[in-house]
$ cat start-v4.txt   # compact mmCIF, C-alpha atoms
# COMPACT_ATOMS: atom_id res chain seq x y z
CA MET A 1 189.60 165.33 114.11
CA ALA A 2 185.95 164.31 113.93
CA ALA A 3 183.44 164.42 111.12
CA PHE A 4 180.41 166.70 111.37
CA GLU A 5 177.22 166.70 109.33
CA TYR A 6 175.82 170.18 108.81
CA GLN A 7 172.77 171.95 107.46
CA ALA A 8 173.18 175.59 106.48
CA LEU A 9 171.73 178.39 104.36
CA ASP A 10 173.58 179.85 101.38
CA PRO A 11 173.51 183.60 100.56
CA LYS A 12 170.32 183.05 98.48
CA GLY A 13 168.53 181.39 101.38
CA HIS A 14 168.69 177.86 99.98
CA SER A 15 169.28 174.97 102.38
CA VAL A 16 172.48 173.00 101.82
CA LYS A 17 173.76 169.87 103.57
CA GLY A 18 177.18 168.29 103.73
CA VAL A 19 179.99 166.87 105.82
CA LEU A 20 183.02 168.70 107.23
CA GLU A 21 185.83 167.67 109.51
CA GLY A 22 187.09 169.64 112.47
CA ASP A 23 188.32 169.49 116.03
CA ALA A 24 185.08 170.89 117.47
CA GLU A 25 181.61 172.03 116.49
CA ARG A 26 182.64 175.68 116.94
CA GLN A 27 185.44 175.28 114.39
CA VAL A 28 183.06 173.74 111.85
CA ARG A 29 180.58 176.60 112.31
CA ALA A 30 183.39 179.11 111.80
CA THR A 31 184.46 177.30 108.62
CA LEU A 32 180.91 177.44 107.30
CA ARG A 33 180.69 181.19 107.98
CA GLU A 34 183.98 181.71 106.12
CA LYS A 35 182.37 180.01 103.12
CA GLY A 36 179.42 182.41 103.26
CA LEU A 37 177.03 179.88 104.78
CA THR A 38 174.80 180.35 107.79
CA PRO A 39 174.92 177.18 109.90
CA LEU A 40 171.57 175.87 111.15
CA ARG A 41 172.62 172.49 112.55
CA VAL A 42 175.99 170.81 113.12
CA ASP A 43 176.05 167.24 114.46
CA VAL A 44 179.04 165.04 115.11
CA ILE A 45 179.06 161.80 113.15
CA ASP A 46 179.65 158.74 115.24
CA ARG A 47 177.42 155.72 115.30
CA ARG A 48 174.49 158.07 115.06
CA ALA A 49 174.03 157.31 111.37
CA ASP A 50 173.16 153.70 112.14
CA ALA A 51 172.09 153.78 115.78
CA LYS A 52 169.34 156.24 115.00
CA HIS A 53 167.75 153.71 112.69
CA SER A 54 168.37 150.69 114.89
CA ARG A 55 166.54 152.31 117.81
CA TRP A 56 163.34 152.58 115.82
CA SER A 57 162.03 149.21 114.67
CA PHE A 58 159.61 150.72 112.17
CA SER A 59 162.38 152.34 110.11
CA ILE A 60 162.03 151.48 106.45
CA ARG A 61 165.76 151.24 105.79
CA ARG A 62 168.80 151.02 108.02
CA GLY A 63 172.22 152.27 107.06
CA ILE A 64 173.34 152.06 103.45
CA SER A 65 171.07 150.18 101.07
CA SER A 66 172.30 147.12 99.21
CA SER A 67 172.35 148.95 95.87
CA GLU A 68 174.40 151.82 97.36
CA LEU A 69 176.77 149.36 99.00
CA ALA A 70 177.36 147.57 95.69
CA LEU A 71 178.14 150.85 93.90
CA ILE A 72 180.38 152.13 96.71
CA THR A 73 182.32 148.86 96.83
CA ARG A 74 182.93 148.89 93.07
CA GLN A 75 184.13 152.50 93.21
CA PHE A 76 186.33 151.75 96.23
CA SER A 77 187.86 148.77 94.41
CA THR A 78 188.62 150.88 91.34
CA LEU A 79 190.21 153.67 93.38
CA ILE A 80 192.35 151.28 95.45
CA HIS A 81 193.48 149.48 92.30
CA ALA A 82 194.51 152.87 90.85
CA GLY A 83 196.99 153.30 93.71
CA LEU A 84 195.15 155.80 95.93
CA THR A 85 195.44 155.61 99.70
CA ILE A 86 192.47 154.60 101.82
CA GLU A 87 192.01 158.19 102.99
CA GLN A 88 192.03 159.49 99.40
CA CYS A 89 189.52 156.79 98.38
CA LEU A 90 187.17 157.73 101.20
CA ASN A 91 187.45 161.42 100.29
CA ALA A 92 186.53 160.64 96.69
CA LEU A 93 183.64 158.43 97.73
CA ILE A 94 182.24 161.10 100.07
CA GLU A 95 182.24 163.58 97.18
CA GLN A 96 180.65 161.14 94.71
CA VAL A 97 177.83 159.53 96.68
CA GLU A 98 174.44 161.23 96.47
CA SER A 99 172.83 159.88 99.64
CA ALA A 100 173.28 161.99 102.77
CA ARG A 101 173.18 158.84 104.89
CA ALA A 102 175.98 157.25 102.84
CA ARG A 103 178.09 160.42 103.10
CA SER A 104 177.64 160.45 106.87
CA VAL A 105 178.66 156.82 107.22
CA LEU A 106 181.71 157.18 104.96
CA ALA A 107 182.76 160.32 106.80
CA GLY A 108 182.54 158.44 110.07
CA VAL A 109 184.71 155.65 108.64
CA ARG A 110 187.23 158.21 107.40
CA THR A 111 187.40 159.74 110.88
CA ARG A 112 188.29 156.35 112.38
CA VAL A 113 190.97 155.81 109.72
CA LEU A 114 192.49 159.24 110.44
CA GLU A 115 192.58 158.31 114.12
CA GLY A 116 194.87 155.41 113.23
CA GLN A 117 192.35 152.58 113.19
CA SER A 118 192.19 150.04 110.40
CA LEU A 119 189.58 150.25 107.67
CA ALA A 120 187.86 147.12 108.97
CA ARG A 121 187.51 148.60 112.46
CA GLY A 122 186.21 151.82 110.97
CA LEU A 123 183.58 149.86 109.05
CA GLY A 124 182.78 147.99 112.27
CA MET A 125 181.45 151.21 113.80
CA PHE A 126 178.54 150.98 111.36
CA PRO A 127 177.35 147.34 111.44
CA GLU A 128 173.95 148.20 109.97
CA SER A 129 175.67 149.43 106.80
CA PHE A 130 178.49 146.91 106.47
CA PRO A 131 177.63 143.24 107.20
CA ASP A 132 179.94 140.83 109.02
CA ILE A 133 181.13 139.22 105.78
CA TYR A 134 182.03 142.64 104.39
CA ARG A 135 184.14 143.58 107.40
CA SER A 136 185.75 140.13 107.60
CA MET A 137 186.89 140.31 103.98
CA VAL A 138 188.25 143.84 104.35
CA ASP A 139 190.14 142.77 107.46
CA ALA A 140 191.58 139.77 105.61
CA GLY A 141 192.63 142.01 102.72
CA GLU A 142 194.38 144.46 105.03
CA GLN A 143 196.24 141.72 106.90
CA SER A 144 197.35 139.95 103.72
CA GLY A 145 198.27 143.13 101.86
CA ARG A 146 195.81 142.29 99.04
CA LEU A 147 193.12 144.82 99.81
CA ASP A 148 192.68 145.77 96.13
CA GLU A 149 192.14 142.12 95.14
CA VAL A 150 189.77 141.46 98.02
CA LEU A 151 187.75 144.60 97.30
CA GLY A 152 187.44 143.48 93.68
CA ARG A 153 185.99 140.15 94.77
CA LEU A 154 183.80 141.89 97.30
CA ALA A 155 182.49 144.22 94.60
CA ASP A 156 181.64 141.21 92.43
CA TYR A 157 179.92 139.57 95.39
CA THR A 158 177.76 142.57 96.28
CA GLU A 159 176.85 143.21 92.63
CA ASN A 160 175.93 139.58 91.97
CA ARG A 161 173.81 139.41 95.11
CA GLN A 162 172.06 142.66 94.18
CA ASN A 163 171.46 141.44 90.63
CA LEU A 164 169.95 138.18 91.90
CA GLN A 165 167.59 140.04 94.22
CA GLN A 166 166.54 142.38 91.42
CA LYS A 167 165.94 139.54 88.96
CA VAL A 168 163.77 137.63 91.43
CA LEU A 169 161.86 140.78 92.32
CA LEU A 170 161.34 141.91 88.72
CA ALA A 171 160.24 138.42 87.69
CA PHE A 172 157.28 138.57 90.07
CA ILE A 173 156.31 142.21 89.49
CA TYR A 174 154.28 141.52 86.33
CA PRO A 175 152.23 138.62 87.80
CA ALA A 176 151.62 140.68 90.94
CA LEU A 177 150.41 143.68 88.91
CA VAL A 178 148.15 141.50 86.75
CA THR A 179 146.67 139.90 89.86
CA LEU A 180 146.11 143.28 91.51
CA VAL A 181 144.44 144.83 88.45
CA ALA A 182 142.32 141.73 87.81
CA SER A 183 141.17 141.67 91.44
CA ALA A 184 140.26 145.37 91.29
CA VAL A 185 138.28 144.86 88.07
CA VAL A 186 136.37 141.87 89.45
CA ILE A 187 135.58 143.66 92.72
CA GLY A 188 134.39 146.69 90.76
CA LEU A 189 132.08 144.51 88.66
CA LEU A 190 130.69 142.75 91.73
CA VAL A 191 130.13 145.93 93.74
CA TYR A 192 128.85 148.38 91.09
CA VAL A 193 127.90 146.66 87.83
CA VAL A 194 126.32 143.37 88.88
CA PRO A 195 123.80 144.89 91.36
CA GLN A 196 122.51 147.30 88.69
CA VAL A 197 121.95 144.51 86.18
CA THR A 198 120.57 141.83 88.48
CA ARG A 199 118.06 144.26 90.03
CA VAL A 200 116.18 144.16 86.72
CA PHE A 201 115.96 140.35 86.87
CA GLU A 202 114.71 140.38 90.44
CA ASN A 203 111.91 142.80 89.56
CA THR A 204 110.59 140.49 86.84
CA GLY A 205 109.87 137.77 89.37
CA GLN A 206 111.05 135.00 87.06
CA ALA A 207 113.14 132.06 88.27
CA LEU A 208 116.79 132.82 87.79
CA PRO A 209 119.42 130.30 86.64
CA LEU A 210 121.67 128.83 89.31
CA ILE A 211 124.73 130.62 87.95
CA THR A 212 122.93 133.97 88.28
CA VAL A 213 121.82 133.19 91.83
CA VAL A 214 125.41 132.35 92.73
CA LEU A 215 126.64 135.63 91.19
CA ILE A 216 124.07 137.65 93.12
CA SER A 217 125.05 135.91 96.36
CA ILE A 218 128.73 136.63 95.75
CA SER A 219 127.95 140.26 94.92
CA ASP A 220 125.88 140.70 98.10
CA PHE A 221 128.60 139.08 100.18
CA VAL A 222 131.30 141.38 98.76
CA ARG A 223 129.18 144.52 99.21
CA THR A 224 127.99 143.80 102.74
CA GLY A 225 130.80 141.79 104.29
CA GLY A 226 133.80 142.72 102.18
CA TRP A 227 135.11 145.38 104.55
CA TRP A 228 134.73 143.04 107.51
CA TRP A 229 136.70 140.31 105.80
CA LEU A 230 139.33 142.84 104.71
CA SER A 231 139.67 144.02 108.30
CA ILE A 232 139.89 140.43 109.53
CA GLY A 233 142.60 139.72 106.94
CA LEU A 234 144.63 142.75 108.01
CA MET A 235 144.29 141.80 111.66
CA ALA A 236 145.41 138.25 110.84
CA ILE A 237 148.52 139.61 109.11
CA ILE A 238 149.34 141.81 112.11
CA VAL A 239 148.82 138.93 114.54
CA LEU A 240 151.00 136.67 112.38
CA ARG A 241 153.83 139.21 112.28
CA LEU A 242 153.67 139.62 116.05
CA ALA A 243 153.57 135.86 116.57
CA LEU A 244 156.61 135.35 114.32
CA ARG A 245 158.68 137.40 116.75
CA GLU A 246 158.68 134.36 119.00
CA PRO A 247 161.71 132.20 118.08
CA HIS A 248 159.96 128.83 118.27
CA LEU A 249 156.97 130.02 116.20
CA ARG A 250 159.27 131.60 113.61
CA LEU A 251 161.22 128.33 113.40
CA ARG A 252 158.03 126.35 112.74
CA TRP A 253 156.93 128.89 110.15
CA HIS A 254 160.25 128.57 108.31
CA TYR A 255 159.92 124.79 108.39
CA LEU A 256 156.48 125.13 106.84
CA LEU A 257 157.80 127.42 104.10
CA LEU A 258 160.46 124.86 103.19
CA ARG A 259 157.79 122.20 102.69
CA LEU A 260 155.72 124.30 100.29
CA PRO A 261 156.25 123.17 96.66
CA LEU A 262 157.23 126.47 95.03
CA VAL A 263 158.24 128.66 97.96
CA GLY A 264 160.39 125.91 99.46
CA ARG A 265 162.40 125.48 96.29
CA LEU A 266 162.92 129.21 95.97
CA LEU A 267 164.14 129.46 99.58
CA ARG A 268 166.47 126.50 99.25
CA GLY A 269 168.01 127.81 96.05
CA THR A 270 168.44 131.36 97.32
CA ASN A 271 170.02 130.39 100.64
CA ALA A 272 172.26 127.75 99.02
CA ALA A 273 173.51 130.32 96.51
CA ARG A 274 174.22 132.83 99.29
CA LEU A 275 176.06 130.28 101.43
CA SER A 276 178.18 128.97 98.54
CA SER A 277 179.04 132.43 97.27
CA THR A 278 179.93 133.72 100.74
CA LEU A 279 182.10 130.73 101.65
CA GLY A 280 183.77 130.78 98.24
CA ILE A 281 184.73 134.42 98.35
CA LEU A 282 185.89 134.27 101.97
CA THR A 283 188.06 131.18 101.55
CA ALA A 284 189.49 132.58 98.30
CA SER A 285 190.48 135.72 100.23
CA GLY A 286 192.59 133.67 102.64
CA ILE A 287 190.12 133.41 105.53
CA PRO A 288 190.13 130.00 107.29
CA LEU A 289 187.09 127.82 106.68
CA LEU A 290 185.87 127.97 110.29
CA ASN A 291 185.99 131.77 110.35
CA ALA A 292 184.38 131.89 106.93
CA MET A 293 181.53 129.67 108.10
CA GLN A 294 180.95 131.86 111.15
CA SER A 295 180.47 134.85 108.86
CA ALA A 296 178.46 132.89 106.27
CA VAL A 297 175.91 131.75 108.86
CA GLN A 298 174.45 135.26 108.94
CA THR A 299 173.70 135.22 105.21
CA VAL A 300 171.33 132.23 105.55
CA THR A 301 167.91 133.71 106.29
CA ASN A 302 165.90 130.49 106.69
CA LEU A 303 166.17 129.35 110.32
CA PRO A 304 166.25 125.55 109.74
CA MET A 305 168.94 125.98 107.08
CA ARG A 306 170.86 128.36 109.36
CA ALA A 307 170.69 125.79 112.17
CA ALA A 308 172.02 123.18 109.74
CA VAL A 309 174.99 125.42 108.87
CA GLU A 310 175.68 126.05 112.56
CA ASP A 311 175.62 122.30 113.23
CA ALA A 312 177.93 121.77 110.24
CA LEU A 313 180.28 124.38 111.71
CA ARG A 314 180.41 122.41 114.94
CA GLN A 315 181.18 119.17 113.07
CA VAL A 316 183.90 120.82 110.96
CA ARG A 317 185.44 122.25 114.11
CA GLU A 318 185.58 118.68 115.47
CA GLY A 319 187.32 117.44 112.31
CA GLY A 320 184.39 116.45 110.09
CA ASN A 321 183.79 117.21 106.41
CA LEU A 322 181.67 120.15 105.36
CA SER A 323 179.95 118.27 102.56
CA ARG A 324 179.01 115.33 104.79
CA ALA A 325 177.72 117.64 107.54
CA LEU A 326 175.53 119.62 105.15
CA GLY A 327 174.40 116.50 103.30
CA LYS A 328 172.97 114.93 106.45
CA THR A 329 170.42 117.73 106.79
CA ARG A 330 168.95 117.16 103.29
CA LEU A 331 168.10 120.86 103.18
CA PHE A 332 170.63 121.90 100.55
CA PRO A 333 170.54 120.97 96.84
CA PRO A 334 172.53 117.80 96.01
CA MET A 335 174.56 119.62 93.36
CA VAL A 336 175.95 122.01 95.97
CA ILE A 337 176.87 119.11 98.28
CA HIS A 338 178.62 117.20 95.46
CA LEU A 339 180.65 120.24 94.37
CA ILE A 340 181.73 120.93 97.97
CA ALA A 341 182.78 117.28 98.35
CA SER A 342 184.78 117.54 95.13
CA GLY A 343 186.50 120.69 96.38
CA GLU A 344 187.42 119.05 99.68
CA ALA A 345 188.82 116.02 97.89
CA THR A 346 190.93 118.03 95.42
CA GLY A 347 192.00 120.84 97.77
CA LYS A 348 190.19 123.44 95.63
CA LEU A 349 187.30 124.17 97.92
CA ASP A 350 187.18 127.89 97.14
CA GLN A 351 186.89 127.25 93.39
CA MET A 352 184.22 124.57 93.82
CA LEU A 353 182.23 126.82 96.15
CA GLU A 354 182.28 129.65 93.64
CA ARG A 355 181.28 127.21 90.89
CA ALA A 356 178.44 125.93 93.06
CA ALA A 357 177.27 129.50 93.68
CA VAL A 358 177.30 130.30 89.95
CA ALA A 359 175.50 127.07 89.04
CA GLN A 360 172.90 127.51 91.78
CA THR A 361 172.28 131.12 90.81
CA ARG A 362 171.86 130.19 87.15
CA GLU A 363 169.47 127.36 88.05
CA LEU A 364 167.48 129.67 90.30
CA GLU A 365 167.20 132.30 87.57
CA ASN A 366 166.05 129.74 85.01
CA TRP A 367 163.51 128.31 87.44
CA VAL A 368 162.09 131.74 88.29
CA ARG A 369 161.94 132.62 84.58
CA ALA A 370 160.06 129.41 83.80
CA LEU A 371 157.70 129.91 86.73
CA THR A 372 156.79 133.45 85.73
CA ALA A 373 156.37 132.38 82.11
CA LEU A 374 153.86 129.79 83.34
CA LEU A 375 152.09 132.18 85.69
CA GLU A 376 151.30 134.76 83.02
CA PRO A 377 149.01 132.57 80.85
CA LEU A 378 147.49 131.00 83.97
CA LEU A 379 146.54 134.44 85.27
CA ILE A 380 145.06 135.39 81.91
CA LEU A 381 143.03 132.17 81.79
CA ALA A 382 141.82 132.67 85.36
CA MET A 383 140.77 136.23 84.60
CA GLY A 384 139.01 135.07 81.44
CA ALA A 385 137.15 132.35 83.35
CA ILE A 386 135.93 134.85 85.97
CA VAL A 387 134.77 137.31 83.34
CA LEU A 388 133.06 134.50 81.41
CA PHE A 389 131.26 133.45 84.60
CA ILE A 390 129.96 136.99 85.16
CA VAL A 391 128.91 137.43 81.53
CA LEU A 392 127.05 134.11 81.42
CA ALA A 393 125.33 134.84 84.73
CA ILE A 394 124.03 138.10 83.26
CA LEU A 395 123.20 136.89 79.74
CA LEU A 396 121.37 133.66 80.60
CA PRO A 397 118.39 135.41 82.22
CA ILE A 398 118.23 137.77 79.22
CA PHE A 399 118.07 134.82 76.83
CA GLU A 400 115.28 133.25 78.90
CA MET A 401 113.33 136.51 78.88
CA ASN A 402 113.65 136.65 75.07
CA GLN A 403 112.33 133.08 74.82
CA LEU A 404 109.30 134.00 76.95
CA ILE A 405 108.56 137.04 74.79
CA LYS A 406 108.66 134.91 71.63
$ encode --input "start-v4.txt" --output "structure tokens"
Amino acid sequence: MAAFEYQALDPKGHSVKGVLEGDAERQVRATLREKGLTPLRVDVIDRRADAKHSRWSFSIRRGISSSELALITRQFSTLIHAGLTIEQCLNALIEQVESARARSVLAGVRTRVLEGQSLARGLGMFPESFPDIYRSMVDAGEQSGRLDEVLGRLADYTENRQNLQQKVLLAFIYPALVTLVASAVVIGLLVYVVPQVTRVFENTGQALPLITVVLISISDFVRTGGWWWLSIGLMAIIVLRLALREPHLRLRWHYLLLRLPLVGRLLRGTNAARLSSTLGILTASGIPLLNAMQSAVQTVTNLPMRAAVEDALRQVREGGNLSRALGKTRLFPPMVIHLIASGEATGKLDQMLERAAVAQTRELENWVRALTALLEPLLILAMGAIVLFIVLAILLPIFEMNQLIK
């Protein structure tokens, strides 16, 4: 049997969507008519749910989102732990998820399972929804007979990764909003308010203070050349994005990001936390270190750090130590290297990796919290200085005019 995604009309004329299973499209249409629905579209679910998005590079989101994946994994873990079969778990998940895309993907996985394939192979039909690490862990759980335990760890992993992304994103939302509003206010003053006020000073013919002359020049520049500079900035962004498609240029750009004071530290901490967490959860699930490293490479987004992990994989394959191989690159935090070395020495590498991931995540959260706490007063002071500059540039000529009148 195959899974079909349908769109139909109910007796009241309302459009309804869902997923049904059947041997053929004709059978699904007949089933819909028996339920009092008028079928409009019936499509077989295969890799269409993901391939449709992978064909179009401008798609906003591919497959299942990270938040949906975290929720689905937690629900799957709970259902498996309760003693339900994989088929029953997938049926329950299809009924519970709200996203049509997620229902389509899960129905496709269920079809593969009903055909006799393993859950990991069923997930492998949708690589845009389920990453390599996800499928590797599920495969390890099925082979070891500890699928419930592995899914529990996988649920913790996806939730922790989602929480870290949300915390970093939320931490920078307030400074970004303040910057955006402040920029809009300043541009509004320069474009509309300042010209009206300074026109009065120019008509008097008196010599203006330097600060007022500077303000008038800035206002004229923004009003006459602002759109040109905005267009040039947008074009520069487009050219940069196109240039970064070249591997060697993207590698140099990632090297540059690592050298920046604040951005570099954020990238190092984030990628180190991902690598440690991924390796820890894979090795704890019974996956050999070499296989775990092959899956963990994909979680490192910075190209120089990814190259360092790939080189470390080669050295470990030749009999070297993971800690020594990563330490030579000097791209990963020393704490992570020391904890990995301790795990290799004591035979508890999985525990030390998980501890390194927790410690690195906590340090990253504290650093981001401190950075945003510092940015907020700096933004307020900067906005106050700009407003003070505008006010003084407008008031000084008024004071001089009052002195002349007296």
$ closest_residue --input "start-v4.txt" --among "A:Arg121, A:Arg101, A:Arg110, A:Lys167" --to "Arg369 of chain A" --atoms "only C-alpha atoms"
A:Lys167
$ residues_near_point --input "start-v4.txt" --point "(172.3, 173.6, 110.1)" --cutoff "6 Å" --atoms "only C-alpha atoms" --output "JSON, numbers by chain"
{"A": [6, 7, 8, 39, 40, 41, 42]}
$ residues_around --input "start-v4.txt" --residues "Leu210 of chain A" --least-positions-apart "6" --cutoff "12 Å" --atoms "only C-alpha atoms" --output "VMD selection string"
chain A and resid 216 to 217 389 392 to 394 396 to 397
$ closest_residue --input "start-v4.txt" --among "A:Thr270, A:Pro175, A:Ser67, A:Ala155" --to "Leu378 of chain A" --atoms "only C-alpha atoms"
A:Pro175
$ atom_distance --input "start-v4.txt" --atom1 "atom CA of Ala273 of chain A" --atom2 "atom CA of Leu290 of chain A"
18.7 Å
$ atom_distance --input "start-v4.txt" --atom1 "atom CA of Gly116 of chain A" --atom2 "atom CA of Val138 of chain A"
16.0 Å
$ residues_around --input "start-v4.txt" --residues "segment 339-355 of chain A" --least-positions-apart "6" --cutoff "10 Å" --atoms "all atoms listed in the file" --output "list in words"
Ala273, Leu275, Ser276, Ser277, Thr278, Leu279, Gly280, Ile281, Leu282, Thr283, Ala284, Ser285, Gly286, Leu289, Asn321, Leu322, Ser323, Arg324, Leu326, Gly327 and Thr361 of chain A
$ closest_residue --input "start-v4.txt" --among "A:Leu69, A:Leu208, A:Leu169, A:Leu257" --to "Tyr134 of chain A" --atoms "only C-alpha atoms"
A:Leu69
$ atom_distance --input "start-v4.txt" --atom1 "atom CA of Leu37 of chain A" --atom2 "atom CA of Leu9 of chain A"
5.5 Å
$ decode --input "start-v4.txt" --residues "segment 100-108 of chain A" --atoms "all heavy atoms" --output "PDB file, in the first residue's frame"
ATOM      1  N   ALA A 100       0.718  20.072   7.339  1.00  0.00           N
ATOM      2  CA  ALA A 100       0.434  19.154   6.233  1.00  0.00           C
ATOM      3  C   ALA A 100       1.717  18.534   5.701  1.00  0.00           C
ATOM      4  O   ALA A 100       1.738  17.363   5.306  1.00  0.00           O
ATOM      5  CB  ALA A 100      -0.303  19.896   5.113  1.00  0.00           C
ATOM      6  N   ARG A 101       2.802  19.301   5.682  1.00  0.00           N
ATOM      7  CA  ARG A 101       4.086  18.780   5.217  1.00  0.00           C
ATOM      8  C   ARG A 101       4.559  17.650   6.138  1.00  0.00           C
ATOM      9  O   ARG A 101       5.026  16.610   5.672  1.00  0.00           O
ATOM     10  CB  ARG A 101       5.130  19.890   5.168  1.00  0.00           C
ATOM     11  CG  ARG A 101       6.501  19.421   4.734  1.00  0.00           C
ATOM     12  CD  ARG A 101       7.538  20.540   4.807  1.00  0.00           C
ATOM     13  NE  ARG A 101       7.298  21.564   3.805  1.00  0.00           N
ATOM     14  CZ  ARG A 101       6.795  22.761   4.069  1.00  0.00           C
ATOM     15  NH1 ARG A 101       6.471  23.080   5.311  1.00  0.00           N
ATOM     16  NH2 ARG A 101       6.625  23.641   3.111  1.00  0.00           N
ATOM     17  N   ALA A 102       4.444  17.860   7.460  1.00  0.00           N
ATOM     18  CA  ALA A 102       4.870  16.829   8.406  1.00  0.00           C
ATOM     19  C   ALA A 102       4.016  15.571   8.274  1.00  0.00           C
ATOM     20  O   ALA A 102       4.526  14.449   8.338  1.00  0.00           O
ATOM     21  CB  ALA A 102       4.807  17.367   9.834  1.00  0.00           C
ATOM     22  N   ARG A 103       2.706  15.736   8.061  1.00  0.00           N
ATOM     23  CA  ARG A 103       1.838  14.568   7.873  1.00  0.00           C
ATOM     24  C   ARG A 103       2.241  13.797   6.626  1.00  0.00           C
ATOM     25  O   ARG A 103       2.256  12.567   6.622  1.00  0.00           O
ATOM     26  CB  ARG A 103       0.371  15.011   7.772  1.00  0.00           C
ATOM     27  CG  ARG A 103      -0.256  15.428   9.087  1.00  0.00           C
ATOM     28  CD  ARG A 103      -1.782  15.418   8.977  1.00  0.00           C
ATOM     29  NE  ARG A 103      -2.226  16.328   7.944  1.00  0.00           N
ATOM     30  CZ  ARG A 103      -2.542  17.607   8.147  1.00  0.00           C
ATOM     31  NH1 ARG A 103      -2.425  18.118   9.373  1.00  0.00           N
ATOM     32  NH2 ARG A 103      -2.955  18.379   7.166  1.00  0.00           N
ATOM     33  N   SER A 104       2.568  14.515   5.568  1.00  0.00           N
ATOM     34  CA  SER A 104       2.959  13.850   4.325  1.00  0.00           C
ATOM     35  C   SER A 104       4.244  13.050   4.517  1.00  0.00           C
ATOM     36  O   SER A 104       4.352  11.914   4.061  1.00  0.00           O
ATOM     37  CB  SER A 104       3.143  14.892   3.216  1.00  0.00           C
ATOM     38  OG  SER A 104       1.948  15.604   2.986  1.00  0.00           O
ATOM     39  N   VAL A 105       5.212  13.651   5.190  1.00  0.00           N
ATOM     40  CA  VAL A 105       6.485  12.965   5.403  1.00  0.00           C
ATOM     41  C   VAL A 105       6.289  11.735   6.279  1.00  0.00           C
ATOM     42  O   VAL A 105       6.802  10.643   5.983  1.00  0.00           O
ATOM     43  CB  VAL A 105       7.507  13.934   6.036  1.00  0.00           C
ATOM     44  CG1 VAL A 105       8.764  13.190   6.460  1.00  0.00           C
ATOM     45  CG2 VAL A 105       7.868  15.042   5.057  1.00  0.00           C
ATOM     46  N   LEU A 106       5.553  11.874   7.376  1.00  0.00           N
ATOM     47  CA  LEU A 106       5.335  10.741   8.272  1.00  0.00           C
ATOM     48  C   LEU A 106       4.540   9.633   7.583  1.00  0.00           C
ATOM     49  O   LEU A 106       4.788   8.448   7.821  1.00  0.00           O
ATOM     50  CB  LEU A 106       4.603  11.213   9.531  1.00  0.00           C
ATOM     51  CG  LEU A 106       5.411  12.117  10.471  1.00  0.00           C
ATOM     52  CD1 LEU A 106       4.535  12.633  11.609  1.00  0.00           C
ATOM     53  CD2 LEU A 106       6.610  11.361  11.037  1.00  0.00           C
ATOM     54  N   ALA A 107       3.601  10.026   6.734  1.00  0.00           N
ATOM     55  CA  ALA A 107       2.854   9.008   5.995  1.00  0.00           C
ATOM     56  C   ALA A 107       3.770   8.271   5.027  1.00  0.00           C
ATOM     57  O   ALA A 107       3.639   7.056   4.832  1.00  0.00           O
ATOM     58  CB  ALA A 107       1.694   9.665   5.244  1.00  0.00           C
ATOM     59  N   GLY A 108       4.690   8.992   4.406  1.00  0.00           N
ATOM     60  CA  GLY A 108       5.642   8.326   3.535  1.00  0.00           C
ATOM     61  C   GLY A 108       6.539   7.359   4.287  1.00  0.00           C
ATOM     62  O   GLY A 108       6.842   6.263   3.808  1.00  0.00           O
TER      63      GLY A 108
END
